[in-house]
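The block underneath contains the structure these notes are about, expressed in structure tokens.
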Amino acid sequence: TLTAGKLAVVSWRGDVDAAALASAVETGSAHPIARALRAYAAPTRTATNVREELGRGIAGLVDGRLVVVGAPPWVRTALSIEHRELPSGVEYWIAEIAERGETPIVIAIDGVAVAVAGLAGPIRDDAPFAIAELTRLGWRVELLSGDDTRVVRRVGATLGIPLWRCTGHTSPEGKVAAVHAARARGPVVMVGDGVNDAAAMAAATAGIAVSGAAEIAIEAADVYLR
């Protein structure tokens with residue numbers, strides 16, 4: 001919503017061969033992260049038994065190997081019991097990537113986290129002005145995102161949004177809950193562009209989809225900004 005929507009893999013830590021496997025399970029996904037991973041390593045294999053969870057990640061079988069790709073908290077829960085805690089090296093990569101303002105995406109093969117991709121996209125040119133103008137008009141601006149909290153706060157700081165109004169690791173259900181809580185205090189406008197935003201947009205007093213939004217987000221919105 002605040003970025004240009006053109007995510008790209010700008011850093012990679014760990015097993016380089018895992019990129020092709022990650023790209024394979026992302027083949028059928030329309031998520032911006034999936035597009036970024038496919039651009040980074042073109043899929044050359046076919047994935048089966050693919051299962052995608054909105055705002056969390058995706059998993060599937062590639063050449064008989066279980067490939068899990070997604071946000072660190074979700075990947076932790078998806079791993080086998082003996083590997084539920086990510087290796088210290090992987091945790092370090094996640095922290096390093098997030099501190100730079102990139103979104104960390106973990107890749108696990110057969111129950112073991114082996115790599116972390118760092119994704120980033122430029123902030124929209126008009127975003128700083130929009131946030132400043134909304135604040136001037138008296139709106140309380142909050143940032144909800146499924147990204148790592150450190151990344152969300154870095155983006156928020158760039159746009160002048162207080163840290164305590166920047167919430168990361170927010171699931172689609174969490175966004176809906178936040179909208180309902182805010183509606184108890186007054187009118188709520190939810191602006192979004194992703195599949196993960198659709199339910200929250202529908203729950204708001206007014207939902208606004210921005211240019212390049214997913215089809216389901218446009219359908220849920222009251223207003224579409226081209």
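Numbering starts fresh at 1 for the residues of each chain in the structure tokens, the chains themselves are lettered A, B, ... in the order given, and ligands are numbered from 1 as they appear.
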
Which residues are near Glu96 in chain A? Cut-off 12 Å, only C-alpha atoms, ignore same chain within fewer than 6 positions. Put them as a ChimeraX atom specification.
/A:11-13,89-90,102-104,116-118,148,150-151

DSSP-assigned strand (DSSP E) among range 24-144 of chain A, expressed as a ChimeraX atom specification
/A:47-53,57-62,65-70,103-109,112-120,143-144

Hey, could you make a per-residue contact list for range 31-81 of chain A against range 172-181 of chain A with 12 Å as the cut-off, showing the nearest pair of atoms and its distance in Å to one decimal, counting only C-alpha atoms, sorted by chain and number, as JSON lines?
```
{"residue": "A:Glu53", "atom": "CA", "partner": "A:Pro172", "partner_atom": "CA", "distance": 10.2}
{"residue": "A:Leu54", "atom": "CA", "partner": "A:Pro172", "partner_atom": "CA", "distance": 7.3}
{"residue": "A:Gly55", "atom": "CA", "partner": "A:Pro172", "partner_atom": "CA", "distance": 6.6}
{"residue": "A:Arg56", "atom": "CA", "partner": "A:Pro172", "partner_atom": "CA", "distance": 9.3}
```

Let me see the file: selected residues, all heavy atoms, as a compact mmCIF listing (two decimals), in the first residue's frame.
```txt
# COMPACT_ATOMS: atom_id res chain seq x y z
N GLU A 53 -1.14 -20.18 2.68
CA GLU A 53 -1.89 -19.53 3.76
C GLU A 53 -1.69 -18.03 3.63
O GLU A 53 -0.55 -17.53 3.71
CB GLU A 53 -1.43 -20.03 5.13
CG GLU A 53 -1.80 -21.48 5.40
CD GLU A 53 -1.68 -21.84 6.87
OE1 GLU A 53 -1.73 -20.92 7.71
OE2 GLU A 53 -1.52 -23.04 7.17
N LEU A 54 -2.78 -17.31 3.45
CA LEU A 54 -2.71 -15.87 3.22
C LEU A 54 -1.96 -15.15 4.32
O LEU A 54 -2.23 -15.34 5.51
CB LEU A 54 -4.13 -15.30 3.10
CG LEU A 54 -4.96 -15.81 1.91
CD1 LEU A 54 -6.32 -15.15 1.91
CD2 LEU A 54 -4.23 -15.56 0.60
N GLY A 55 -1.03 -14.32 3.90
CA GLY A 55 -0.28 -13.51 4.86
C GLY A 55 0.75 -14.27 5.65
O GLY A 55 1.39 -13.70 6.54
N ARG A 56 0.94 -15.56 5.34
CA ARG A 56 1.86 -16.37 6.14
C ARG A 56 2.93 -17.03 5.27
O ARG A 56 4.12 -16.84 5.50
CB ARG A 56 1.08 -17.41 6.93
CG ARG A 56 0.12 -16.80 7.96
CD ARG A 56 -0.66 -17.88 8.68
NE ARG A 56 -1.51 -17.32 9.72
CZ ARG A 56 -2.74 -16.90 9.54
NH1 ARG A 56 -3.29 -16.98 8.33
NH2 ARG A 56 -3.46 -16.41 10.53
```

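Neighbours of Pro122 in chain A closer than or equal to 9 Å, with only C-alpha atoms counted and sequence neighbours fewer than 5 positions away skipped, come out as Leu2, Thr3, Ala4, Gly5, Lys6 and Leu7 of chain A.
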
Take the selection from the previous step and output its residues with C-alpha atoms, as a CSV table (one decimal), in the first residue's frame.
```
chain,number,residue,atom,x,y,z
A,2,LEU,CA,2.8,2.4,0.9
A,3,THR,CA,5.4,0.9,-1.3
A,4,ALA,CA,5.4,0.8,-5.1
A,5,GLY,CA,4.4,-2.9,-5.0
A,6,LYS,CA,7.4,-4.0,-7.0
A,7,LEU,CA,9.2,-6.2,-4.5
```

Would you pick out the contacts of Val188 in chain A at 8 Å or less, using only C-alpha atoms, so that residues sharing its chain but fewer than 3 positions from it are not included, and give the list as a list in words?
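Returned residues: Val179, Ala182, Arg183, Ala204, Thr205 and Ala206 of chain A.
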
Quick one: residues within 8 Å of Thr149 in chain A, only C-alpha atoms, excluding same-chain residues fewer than 2 positions away - as a PyMOL selection string?
chain A and resi 147+151-153+166-169
